[in-house]
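Asks: Structure file start-v3.pdb, PDB, C-alpha atoms and all ligand atoms, is pasted below:
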```pdb
ATOM      1  CA  MET F1442      72.049 116.302 119.419  1.00  0.00           C
ATOM      2  CA  PHE F1443      72.066 119.870 118.192  1.00  0.00           C
ATOM      3  CA  GLU F1444      70.344 122.937 119.453  1.00  0.00           C
ATOM      4  CA  GLY F1445      66.786 122.990 118.196  1.00  0.00           C
ATOM      5  CA  ASP F1446      66.480 119.199 118.094  1.00  0.00           C
ATOM      6  CA  THR F1447      63.457 117.734 119.751  1.00  0.00           C
ATOM      7  CA  ILE F1448      64.230 116.272 123.154  1.00  0.00           C
ATOM      8  CA  SER F1449      62.676 112.885 123.893  1.00  0.00           C
ATOM      9  CA  PRO F1450      62.306 111.521 127.436  1.00  0.00           C
ATOM     10  CA  ALA F1451      65.180 109.077 126.840  1.00  0.00           C
ATOM     11  CA  ASP F1452      67.439 112.098 126.247  1.00  0.00           C
ATOM     12  CA  VAL F1453      66.942 113.294 129.811  1.00  0.00           C
ATOM     13  CA  THR F1454      68.665 112.261 133.048  1.00  0.00           C
ATOM     14  CA  VAL F1455      67.373 113.570 136.346  1.00  0.00           C
ATOM     15  CA  VAL F1456      70.193 114.043 138.850  1.00  0.00           C
ATOM     16  CA  ILE F1457      69.058 113.971 142.459  1.00  0.00           C
ATOM     17  CA  PRO F1458      71.633 115.027 145.084  1.00  0.00           C
ATOM     18  CA  CYS F1459      70.817 113.225 148.304  1.00  0.00           C
ATOM     19  CA  MET F1460      72.143 113.135 151.796  1.00  0.00           C
ATOM     20  CA  ASN F1461      69.879 111.032 154.002  1.00  0.00           C
ATOM     21  CA  GLU F1462      66.704 111.258 151.958  1.00  0.00           C
ATOM     22  CA  ALA F1463      65.503 107.648 152.345  1.00  0.00           C
ATOM     23  CA  GLY F1464      62.117 108.804 153.641  1.00  0.00           C
ATOM     24  CA  SER F1465      61.387 111.214 150.798  1.00  0.00           C
ATOM     25  CA  LEU F1466      62.946 109.415 147.844  1.00  0.00           C
ATOM     26  CA  PRO F1467      60.199 106.856 147.106  1.00  0.00           C
ATOM     27  CA  GLY F1468      57.664 109.635 146.516  1.00  0.00           C
ATOM     28  CA  VAL F1469      60.119 111.659 144.433  1.00  0.00           C
ATOM     29  CA  LEU F1470      61.075 108.670 142.281  1.00  0.00           C
ATOM     30  CA  ALA F1471      57.449 107.656 141.750  1.00  0.00           C
ATOM     31  CA  ALA F1472      56.746 111.078 140.255  1.00  0.00           C
ATOM     32  CA  ILE F1473      59.583 111.098 137.686  1.00  0.00           C
ATOM     33  CA  PRO F1474      58.102 111.531 134.198  1.00  0.00           C
ATOM     34  CA  PRO F1475      57.976 108.281 132.180  1.00  0.00           C
ATOM     35  CA  GLY F1476      61.115 107.582 130.181  1.00  0.00           C
ATOM     36  CA  TYR F1477      63.446 109.917 132.075  1.00  0.00           C
ATOM     37  CA  ARG F1478      66.525 108.246 133.529  1.00  0.00           C
ATOM     38  CA  VAL F1479      67.375 108.878 137.163  1.00  0.00           C
ATOM     39  CA  LEU F1480      70.679 109.138 138.991  1.00  0.00           C
ATOM     40  CA  VAL F1481      70.608 109.499 142.734  1.00  0.00           C
ATOM     41  CA  VAL F1482      73.902 110.880 143.985  1.00  0.00           C
ATOM     42  CA  ASP F1483      74.450 109.626 147.479  1.00  0.00           C
ATOM     43  CA  ASN F1484      76.745 111.585 149.751  1.00  0.00           C
ATOM     44  CA  ASN F1485      77.684 109.272 152.589  1.00  0.00           C
ATOM     45  CA  SER F1486      74.104 108.740 153.695  1.00  0.00           C
ATOM     46  CA  THR F1487      73.631 106.675 156.816  1.00  0.00           C
ATOM     47  CA  ASP F1488      69.904 106.004 156.424  1.00  0.00           C
ATOM     48  CA  GLY F1489      69.935 103.568 153.504  1.00  0.00           C
ATOM     49  CA  THR F1490      69.307 106.221 150.839  1.00  0.00           C
ATOM     50  CA  ALA F1491      71.256 104.247 148.212  1.00  0.00           C
ATOM     51  CA  ASP F1492      69.311 101.010 148.817  1.00  0.00           C
ATOM     52  CA  VAL F1493      65.990 102.839 148.752  1.00  0.00           C
ATOM     53  CA  ALA F1494      66.980 104.546 145.509  1.00  0.00           C
ATOM     54  CA  ARG F1495      67.893 101.229 143.839  1.00  0.00           C
ATOM     55  CA  ALA F1496      64.769  99.529 145.145  1.00  0.00           C
ATOM     56  CA  HIS F1497      62.723 102.234 143.453  1.00  0.00           C
ATOM     57  CA  GLY F1498      64.439 101.928 140.105  1.00  0.00           C
ATOM     58  CA  ALA F1499      67.096 104.632 140.252  1.00  0.00           C
ATOM     59  CA  SER F1500      70.776 104.227 139.453  1.00  0.00           C
ATOM     60  CA  VAL F1501      73.059 105.332 142.251  1.00  0.00           C
ATOM     61  CA  VAL F1502      76.308 107.248 142.079  1.00  0.00           C
ATOM     62  CA  ALA F1503      78.326 107.382 145.284  1.00  0.00           C
ATOM     63  CA  GLU F1504      80.151 110.661 145.884  1.00  0.00           C
ATOM     64  CA  THR F1505      82.219 110.691 149.028  1.00  0.00           C
ATOM     65  CA  ARG F1506      83.208 114.348 148.877  1.00  0.00           C
ATOM     66  CA  PRO F1507      80.522 116.174 150.826  1.00  0.00           C
ATOM     67  CA  GLY F1508      78.623 119.148 149.451  1.00  0.00           C
ATOM     68  CA  TYR F1509      75.621 119.878 147.243  1.00  0.00           C
ATOM     69  CA  GLY F1510      77.873 120.980 144.364  1.00  0.00           C
ATOM     70  CA  SER F1511      79.991 117.805 144.534  1.00  0.00           C
ATOM     71  CA  ALA F1512      76.868 115.689 144.354  1.00  0.00           C
ATOM     72  CA  VAL F1513      75.363 117.600 141.428  1.00  0.00           C
ATOM     73  CA  HIS F1514      78.649 117.612 139.528  1.00  0.00           C
ATOM     74  CA  ALA F1515      79.190 113.869 140.055  1.00  0.00           C
ATOM     75  CA  GLY F1516      75.697 113.187 138.722  1.00  0.00           C
ATOM     76  CA  VAL F1517      76.130 115.405 135.672  1.00  0.00           C
ATOM     77  CA  GLU F1518      79.453 113.734 134.875  1.00  0.00           C
ATOM     78  CA  ALA F1519      77.975 110.265 135.248  1.00  0.00           C
ATOM     79  CA  ALA F1520      74.910 111.041 133.108  1.00  0.00           C
ATOM     80  CA  ARG F1521      74.996 109.708 129.545  1.00  0.00           C
ATOM     81  CA  THR F1522      72.199 111.766 128.006  1.00  0.00           C
ATOM     82  CA  PRO F1523      72.379 115.117 126.174  1.00  0.00           C
ATOM     83  CA  VAL F1524      70.068 116.819 128.687  1.00  0.00           C
ATOM     84  CA  VAL F1525      70.253 116.794 132.474  1.00  0.00           C
ATOM     85  CA  CYS F1526      67.789 118.013 135.070  1.00  0.00           C
ATOM     86  CA  VAL F1527      68.598 118.554 138.712  1.00  0.00           C
ATOM     87  CA  LEU F1528      66.058 118.253 141.478  1.00  0.00           C
ATOM     88  CA  ASP F1529      66.213 117.953 145.276  1.00  0.00           C
ATOM     89  CA  GLY F1530      65.510 114.565 146.820  1.00  0.00           C
ATOM     90  CA  ASP F1531      63.514 115.877 149.760  1.00  0.00           C
ATOM     91  CA  GLY F1532      60.048 115.864 148.170  1.00  0.00           C
ATOM     92  CA  SER F1533      59.794 119.667 148.203  1.00  0.00           C
ATOM     93  CA  MET F1534      59.642 119.880 144.411  1.00  0.00           C
ATOM     94  CA  ASP F1535      57.477 117.952 141.987  1.00  0.00           C
ATOM     95  CA  PRO F1536      59.282 116.017 139.255  1.00  0.00           C
ATOM     96  CA  ARG F1537      56.065 116.142 137.200  1.00  0.00           C
ATOM     97  CA  GLU F1538      56.967 119.765 136.499  1.00  0.00           C
ATOM     98  CA  LEU F1539      60.325 118.870 134.929  1.00  0.00           C
ATOM     99  CA  PRO F1540      58.928 118.613 131.378  1.00  0.00           C
ATOM    100  CA  THR F1541      58.128 122.339 131.487  1.00  0.00           C
ATOM    101  CA  LEU F1542      61.816 123.070 132.041  1.00  0.00           C
ATOM    102  CA  VAL F1543      62.881 120.559 129.414  1.00  0.00           C
ATOM    103  CA  ALA F1544      60.460 122.165 126.946  1.00  0.00           C
ATOM    104  CA  ALA F1545      62.088 125.533 127.627  1.00  0.00           C
ATOM    105  CA  VAL F1546      65.470 124.035 126.730  1.00  0.00           C
ATOM    106  CA  GLU F1547      63.964 122.477 123.627  1.00  0.00           C
ATOM    107  CA  SER F1548      62.653 125.914 122.671  1.00  0.00           C
ATOM    108  CA  GLY F1549      66.127 127.385 122.845  1.00  0.00           C
ATOM    109  CA  ALA F1550      66.865 128.208 126.488  1.00  0.00           C
ATOM    110  CA  ASP F1551      70.432 127.369 127.483  1.00  0.00           C
ATOM    111  CA  LEU F1552      69.304 126.996 131.078  1.00  0.00           C
ATOM    112  CA  ALA F1553      65.817 126.618 132.556  1.00  0.00           C
ATOM    113  CA  VAL F1554      65.497 127.338 136.269  1.00  0.00           C
ATOM    114  CA  GLY F1555      62.520 126.650 138.502  1.00  0.00           C
ATOM    115  CA  ARG F1556      61.246 129.625 140.466  1.00  0.00           C
ATOM    116  CA  ARG F1557      59.918 128.182 143.708  1.00  0.00           C
ATOM    117  CA  ARG F1558      56.352 129.163 144.532  1.00  0.00           C
ATOM    118  CA  PRO F1559      55.360 127.944 147.997  1.00  0.00           C
ATOM    119  CA  VAL F1560      51.821 126.588 148.122  1.00  0.00           C
ATOM    120  CA  GLU F1561      51.690 125.903 151.857  1.00  0.00           C
ATOM    121  CA  ARG F1562      52.567 127.960 154.881  1.00  0.00           C
ATOM    122  CA  GLY F1563      55.855 127.127 156.565  1.00  0.00           C
ATOM    123  CA  THR F1564      57.510 125.806 153.426  1.00  0.00           C
ATOM    124  CA  TRP F1565      60.424 128.191 153.162  1.00  0.00           C
ATOM    125  CA  PRO F1566      62.301 129.537 156.215  1.00  0.00           C
ATOM    126  CA  LEU F1567      62.066 133.339 156.156  1.00  0.00           C
ATOM    127  CA  HIS F1568      65.831 133.958 156.382  1.00  0.00           C
ATOM    128  CA  SER F1569      66.399 131.682 153.410  1.00  0.00           C
ATOM    129  CA  ARG F1570      63.605 133.238 151.383  1.00  0.00           C
ATOM    130  CA  ILE F1571      64.863 136.758 152.021  1.00  0.00           C
ATOM    131  CA  GLY F1572      68.517 135.853 151.447  1.00  0.00           C
ATOM    132  CA  ASN F1573      67.600 134.167 148.188  1.00  0.00           C
ATOM    133  CA  ALA F1574      65.560 137.175 147.037  1.00  0.00           C
ATOM    134  CA  VAL F1575      68.360 139.613 147.886  1.00  0.00           C
ATOM    135  CA  VAL F1576      70.957 137.594 145.993  1.00  0.00           C
ATOM    136  CA  ALA F1577      68.602 137.154 143.024  1.00  0.00           C
ATOM    137  CA  ALA F1578      67.949 140.915 142.922  1.00  0.00           C
ATOM    138  CA  ARG F1579      71.672 141.479 142.818  1.00  0.00           C
ATOM    139  CA  LEU F1580      72.036 139.050 139.955  1.00  0.00           C
ATOM    140  CA  ARG F1581      69.352 140.931 138.032  1.00  0.00           C
ATOM    141  CA  ARG F1582      70.923 144.322 138.647  1.00  0.00           C
ATOM    142  CA  ARG F1583      74.585 143.564 138.478  1.00  0.00           C
ATOM    143  CA  TYR F1584      74.734 140.722 135.989  1.00  0.00           C
ATOM    144  CA  ASP F1585      71.494 141.294 134.076  1.00  0.00           C
ATOM    145  CA  ILE F1586      70.395 137.731 134.803  1.00  0.00           C
ATOM    146  CA  PRO F1587      66.583 137.616 134.698  1.00  0.00           C
ATOM    147  CA  ILE F1588      65.880 135.402 137.707  1.00  0.00           C
ATOM    148  CA  HIS F1589      64.054 135.679 141.040  1.00  0.00           C
ATOM    149  CA  ASP F1590      65.227 132.437 142.637  1.00  0.00           C
ATOM    150  CA  LEU F1591      68.640 130.797 142.632  1.00  0.00           C
ATOM    151  CA  GLY F1592      66.658 127.635 142.179  1.00  0.00           C
ATOM    152  CA  ALA F1593      67.396 124.020 142.894  1.00  0.00           C
ATOM    153  CA  MET F1594      65.418 122.602 139.976  1.00  0.00           C
ATOM    154  CA  ARG F1595      66.924 123.142 136.556  1.00  0.00           C
ATOM    155  CA  ALA F1596      67.310 121.709 133.065  1.00  0.00           C
ATOM    156  CA  VAL F1597      70.324 122.216 130.837  1.00  0.00           C
ATOM    157  CA  ARG F1598      72.287 120.555 128.060  1.00  0.00           C
ATOM    158  CA  ARG F1599      74.869 118.347 129.716  1.00  0.00           C
ATOM    159  CA  GLN F1600      77.961 119.174 127.665  1.00  0.00           C
ATOM    160  CA  ALA F1601      77.301 122.904 127.806  1.00  0.00           C
ATOM    161  CA  LEU F1602      77.023 122.698 131.575  1.00  0.00           C
ATOM    162  CA  LEU F1603      80.294 120.765 131.861  1.00  0.00           C
ATOM    163  CA  ASP F1604      81.996 123.275 129.531  1.00  0.00           C
ATOM    164  CA  LEU F1605      80.796 126.154 131.694  1.00  0.00           C
ATOM    165  CA  GLY F1606      83.117 124.851 134.401  1.00  0.00           C
ATOM    166  CA  VAL F1607      81.201 125.485 137.601  1.00  0.00           C
ATOM    167  CA  GLY F1608      83.834 124.854 140.258  1.00  0.00           C
ATOM    168  CA  ASP F1609      81.954 125.371 143.510  1.00  0.00           C
ATOM    169  CA  ARG F1610      81.337 122.040 145.197  1.00  0.00           C
ATOM    170  CA  ARG F1611      79.237 123.222 148.098  1.00  0.00           C
ATOM    171  CA  SER F1612      76.172 125.423 148.514  1.00  0.00           C
ATOM    172  CA  GLY F1613      77.565 128.079 146.181  1.00  0.00           C
ATOM    173  CA  TYR F1614      76.991 125.848 143.147  1.00  0.00           C
ATOM    174  CA  PRO F1615      73.594 127.244 142.043  1.00  0.00           C
ATOM    175  CA  LEU F1616      74.792 130.835 142.389  1.00  0.00           C
ATOM    176  CA  GLN F1617      78.057 130.257 140.548  1.00  0.00           C
ATOM    177  CA  LEU F1618      76.217 128.436 137.787  1.00  0.00           C
ATOM    178  CA  LEU F1619      73.992 131.481 137.235  1.00  0.00           C
ATOM    179  CA  ILE F1620      76.873 133.957 137.293  1.00  0.00           C
ATOM    180  CA  LEU F1621      78.896 131.929 134.781  1.00  0.00           C
ATOM    181  CA  ALA F1622      75.812 131.411 132.601  1.00  0.00           C
ATOM    182  CA  GLY F1623      75.154 135.158 132.668  1.00  0.00           C
ATOM    183  CA  ARG F1624      78.752 135.938 131.721  1.00  0.00           C
ATOM    184  CA  ALA F1625      78.531 133.459 128.859  1.00  0.00           C
ATOM    185  CA  HIS F1626      75.356 135.238 127.687  1.00  0.00           C
ATOM    186  CA  TRP F1627      73.266 132.122 128.074  1.00  0.00           C
ATOM    187  CA  ARG F1628      69.555 132.430 127.471  1.00  0.00           C
ATOM    188  CA  ILE F1629      68.107 131.758 130.906  1.00  0.00           C
ATOM    189  CA  THR F1630      64.419 130.967 131.287  1.00  0.00           C
ATOM    190  CA  GLU F1631      62.658 130.955 134.629  1.00  0.00           C
ATOM    191  CA  CYS F1632      59.613 128.698 135.084  1.00  0.00           C
ATOM    192  CA  ASP F1633      57.327 128.766 138.131  1.00  0.00           C
ATOM    193  CA  ILE F1634      57.363 125.529 140.131  1.00  0.00           C
ATOM    194  CA  THR F1635      55.431 124.514 143.224  1.00  0.00           C
ATOM    195  CA  TYR F1636      57.363 124.302 146.469  1.00  0.00           C
ATOM    196  CA  ARG F1637      56.246 122.340 149.503  1.00  0.00           C
ATOM    197  CA  PRO F1638      57.744 121.347 152.833  1.00  0.00           C
ATOM    198  CA  ARG F1639      60.104 118.379 152.547  1.00  0.00           C
ATOM    199  CA  THR F1640      58.143 115.132 152.909  1.00  0.00           C
ATOM    200  CA  ALA F1641      60.511 113.463 155.438  1.00  0.00           C
ATOM    201  CA  GLY F1642      63.918 113.813 157.032  1.00  0.00           C
ATOM    202  CA  SER F1643      65.666 117.013 157.982  1.00  0.00           C
ATOM    203  CA  SER F1644      67.089 120.017 156.163  1.00  0.00           C
ATOM    204  CA  LYS F1645      70.832 120.109 155.521  1.00  0.00           C
ATOM    205  CA  VAL F1646      70.970 123.679 154.296  1.00  0.00           C
ATOM    206  CA  SER F1647      68.506 126.432 155.103  1.00  0.00           C
ATOM    207  CA  GLY F1648      66.706 124.678 157.957  1.00  0.00           C
ATOM    208  CA  SER F1649      69.838 124.232 160.054  1.00  0.00           C
ATOM    209  CA  VAL F1650      72.010 126.931 161.573  1.00  0.00           C
ATOM    210  CA  GLN F1651      75.192 125.255 160.388  1.00  0.00           C
ATOM    211  CA  GLY F1652      73.823 124.753 156.874  1.00  0.00           C
ATOM    212  CA  THR F1653      72.691 128.370 156.659  1.00  0.00           C
ATOM    213  CA  LEU F1654      76.059 129.711 157.816  1.00  0.00           C
ATOM    214  CA  ARG F1655      77.806 127.491 155.302  1.00  0.00           C
ATOM    215  CA  ALA F1656      75.496 128.701 152.540  1.00  0.00           C
ATOM    216  CA  VAL F1657      76.058 132.372 153.399  1.00  0.00           C
ATOM    217  CA  HIS F1658      79.806 131.780 153.459  1.00  0.00           C
ATOM    218  CA  ASP F1659      79.710 129.912 150.144  1.00  0.00           C
ATOM    219  CA  PHE F1660      77.540 132.605 148.504  1.00  0.00           C
ATOM    220  CA  TRP F1661      79.829 135.323 149.705  1.00  0.00           C
ATOM    221  CA  ARG F1662      82.850 133.570 148.250  1.00  0.00           C
ATOM    222  CA  VAL F1663      81.165 133.194 144.887  1.00  0.00           C
ATOM    223  CA  MET F1664      79.814 136.782 144.800  1.00  0.00           C
ATOM    224  CA  ARG F1665      83.052 138.595 145.579  1.00  0.00           C
TER     225      ARG F1665
HETATM  226  N1  LIG V   1      74.618 114.551 147.962  1.00  0.00           N
HETATM  227  C1  LIG V   1      74.418 115.607 148.744  1.00  0.00           C
HETATM  228  N2  LIG V   1      73.220 116.132 148.781  1.00  0.00           N
HETATM  229  C2  LIG V   1      73.045 117.180 149.576  1.00  0.00           C
HETATM  230  C3  LIG V   1      74.055 117.756 150.376  1.00  0.00           C
HETATM  231  N3  LIG V   1      73.531 118.789 151.041  1.00  0.00           N
HETATM  232  C4  LIG V   1      72.241 118.854 150.646  1.00  0.00           C
HETATM  233  N4  LIG V   1      71.961 117.872 149.782  1.00  0.00           N
HETATM  234  C5  LIG V   1      70.716 117.580 149.110  1.00  0.00           C
HETATM  235  O1  LIG V   1      70.328 118.771 148.459  1.00  0.00           O
HETATM  236  C6  LIG V   1      68.935 118.918 148.539  1.00  0.00           C
HETATM  237  C7  LIG V   1      68.582 120.214 149.249  1.00  0.00           C
HETATM  238  O2  LIG V   1      68.941 120.126 150.611  1.00  0.00           O
HETATM  239  P1  LIG V   1      67.921 120.465 151.778  1.00  0.00           P
HETATM  240  O3  LIG V   1      68.418 119.791 153.007  1.00  0.00           O
HETATM  241  O4  LIG V   1      66.515 120.130 151.372  1.00  0.00           O
HETATM  242  O5  LIG V   1      68.102 122.027 151.902  1.00  0.00           O
HETATM  243  P2  LIG V   1      66.955 123.106 152.154  1.00  0.00           P
HETATM  244  O6  LIG V   1      65.954 122.949 151.048  1.00  0.00           O
HETATM  245  O7  LIG V   1      67.653 124.420 152.156  1.00  0.00           O
HETATM  246  O8  LIG V   1      66.351 122.768 153.479  1.00  0.00           O
HETATM  247  C8  LIG V   1      68.405 117.650 149.243  1.00  0.00           C
HETATM  248  O9  LIG V   1      68.040 116.714 148.249  1.00  0.00           O
HETATM  249  C9  LIG V   1      69.607 117.202 150.039  1.00  0.00           C
HETATM  250  O10 LIG V   1      69.588 115.808 150.325  1.00  0.00           O
HETATM  251  C10 LIG V   1      75.343 117.152 150.321  1.00  0.00           C
HETATM  252  O11 LIG V   1      76.287 117.547 150.976  1.00  0.00           O
HETATM  253  N5  LIG V   1      75.454 116.088 149.491  1.00  0.00           N
HETATM  254 MG    MG V   2      64.843 121.223 150.806  1.00  0.00          MG
END
```
Using structure tokens, write down the structure from this file.
Ligand SMILES: Nc1nc2c(ncn2[C@@H]2O[C@H](COP(=O)(O)OP(=O)(O)O)[C@@H](O)[C@H]2O)c(=O)[nH]1
Ligand SMILES: [Mg+2]

Replies:
Amino acid sequence: MFEGDTISPADVTVVIPCMNEAGSLPGVLAAIPPGYRVLVVDNNSTDGTADVARAHGASVVAETRPGYGSAVHAGVEAARTPVVCVLDGDGSMDPRELPTLVAAVESGADLAVGRRRPVERGTWPLHSRIGNAVVAARLRRRYDIPIHDLGAMRAVRRQALLDLGVGDRRSGYPLQLLILAGRAHWRITECDITYRPRTAGSSKVSGSVQGTLRAVHDFWRVMR
């Protein structure tokens, strides 16, 4: 596939990093656009996430190394399609909006990132929302990257993403991806997406003190 080719649904794999998302996954998987392939990347879940994923038609990749970045990277490596999307498995984002991002890639974007727009109160912890906005503002100013959200929903050509060489395997992955994409002069398109509270289970990142501290530490490492 070359740049400018049309992208058909069979060209797209949706990678879903999951750690204990058995409660949310059925709803997420039911909303995947027809024809897209799905890879759930299971990180040592103890709640049957992998079985639930298979029962609902997804392929499962097991990644024992913990971390959001490890899970995303394992899924992108395992994918066999020219385009990959990434989406959280917690039900906070709607897979029905993925085709908008894929269309942006088809139109020439090197990377399409979802800008989360909360539609219900209590969706996004304030510290996380502010931290995200501050980091995004810095990316706009310092790196000239036109984004307002580091984003957890994205679409990108698989080989280009692998060639970019994102090395962070924890919560710094989305930030490092944007910095490297900016340095490589990628065309980055931001698309509004709806954002809701997770549909089940508990937060591993911004909703827990430990997850937040880890994220701040990971961001700091990437930003230096
Ligand atoms: N595989 C894997 N997935 C993770 C890990 N940490 C977070 N996730 C997933 O990444 C997504 C975002 O995490 P979440 O807990 O919703 O973070 P929050 O949105 O900041 O509350 C969810 O689908 C999680 O299951 C991890 O270490 N491994
Ligand atoms: Mg979440």

Asks: Identify all residues satisfying the PyMOL selection byres (((not hetatm)) within 8 of (chain V and resi 1)) in the given file; provide them as a ChimeraX atom specification.

Replies: /F:1457-1462,1482-1485,1504,1506-1513,1528-1531,1533,1565,1569,1593,1611-1612,1639,1643-1649,1652-1653

Asks: For stretch 1479-1497 of chain F, I'd like the enclosing box, axis-aligned and padded by 6 Å on every side, reported as AutoDock Vina command-line options with centre and edge lengths in Å to one decimal.

Replies:
```
--center_x 70.2 --center_y 105.6 --center_z 147.0 --size_x 27.0 --size_y 24.1 --size_z 31.7
```

Asks: Step by step, work through what the PyMOL selection byres (((chain F and resi 1476) around 12) and not hetatm) selects in the shown file, and finish by giving those residues as a compact mmCIF listing (two decimals) with C-alpha atoms, keeping the file's coordinate frame.

Replies:
```
# COMPACT_ATOMS: atom_id res chain seq x y z
CA ILE F 1448 64.23 116.27 123.15
CA SER F 1449 62.68 112.88 123.89
CA PRO F 1450 62.31 111.52 127.44
CA ALA F 1451 65.18 109.08 126.84
CA ASP F 1452 67.44 112.10 126.25
CA VAL F 1453 66.94 113.29 129.81
CA THR F 1454 68.67 112.26 133.05
CA VAL F 1455 67.37 113.57 136.35
CA ALA F 1472 56.75 111.08 140.26
CA ILE F 1473 59.58 111.10 137.69
CA PRO F 1474 58.10 111.53 134.20
CA PRO F 1475 57.98 108.28 132.18
CA TYR F 1477 63.45 109.92 132.07
CA ARG F 1478 66.53 108.25 133.53
CA VAL F 1479 67.38 108.88 137.16
CA GLY F 1498 64.44 101.93 140.10
CA PRO F 1540 58.93 118.61 131.38
```

Asks: Taking the point (66.0, 120.6, 130.4) as given in the file, collect each protein or nucleic acid residue that comes within 10 Å of it, counting all atoms listed in the file, and present the set as number ranges by chain.

Replies: F: 1448, 1452-1455, 1523-1527, 1539-1548, 1550-1554, 1594-1599

Asks: With all atoms listed in the file as the basis for distance, which of F:Ile1620, F:Ile1586, F:Ala1519, F:Ile1634 is at the shortest distance from F:Val1560?

Replies: F:Ile1634

Asks: Would you mind telling me which residue in F:Ala1641, F:Leu1591, F:Leu1470, F:Leu1621 lies nearest to ligand MG 2 (chain V) when using only C-alpha atoms and all ligand atoms?

Replies: F:Ala1641

Asks: Please provide as a ChimeraX atom specification all residues within 10 Å of F:Asp1585, with the sequence filter that same-chain residues fewer than 3 positions apart are discarded (counting all atoms listed in the file).

Replies: /F:1578-1582,1588,1620,1623-1624,1626

Asks: Measuring between all atoms listed in the file, which one of F:Gly1532, F:Gly1489, F:Pro1587, F:Gly1606 shows the shortest distance to ligand MG 2 (chain V)?

Replies: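 Looking at the shortest contact to ligand MG 2 (chain V), the residue is F:Gly1532.
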
Asks: With only C-alpha atoms and all ligand atoms as the atoms that count, which of F:Pro1566, F:Pro1467, F:Pro1536, F:Gly1608 lies nearest to ligand MG 2 (chain V)?

Replies: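 Closest to ligand MG 2 (chain V) of all the choices is F:Pro1566.
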
Asks: With only C-alpha atoms and all ligand atoms as the atoms that count, which of F:Glu1561, F:Thr1490, F:Ser1500, F:Gly1592 lies nearest to ligand MG 2 (chain V)?

Replies: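 The answer is F:Gly1592, which sits nearest to ligand MG 2 (chain V).
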
Asks: To one decimal place, how far is atom CA of F:Leu1466 from atom CA of F:Gln1600 in Å?

Replies: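 So the two atoms, atom CA of F:Leu1466 and atom CA of F:Gln1600, lie 27.0 Å apart.
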
Asks: Just the number, please: distance in Å from atom CA of F:Val1481 to atom CA of F:Gly1516, one decimal.

Replies: 7.5 Å

Asks: Would you mind reading off the distance between atom CA of F:Arg1556 and atom CA of F:Ile1629, one decimal, in Å?

Replies: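 Going from atom CA of F:Arg1556 over to atom CA of F:Ile1629, I get 12.0 Å.
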
Asks: Restricting the calculation to all atoms listed in the file, which member of F:Ala1601, F:Met1534, F:Ala1471, F:Val1650 is positioned closest to ligand MG 2 (chain V)?

Replies: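 Answer, going by the shortest atom-to-atom distance: F:Met1534.
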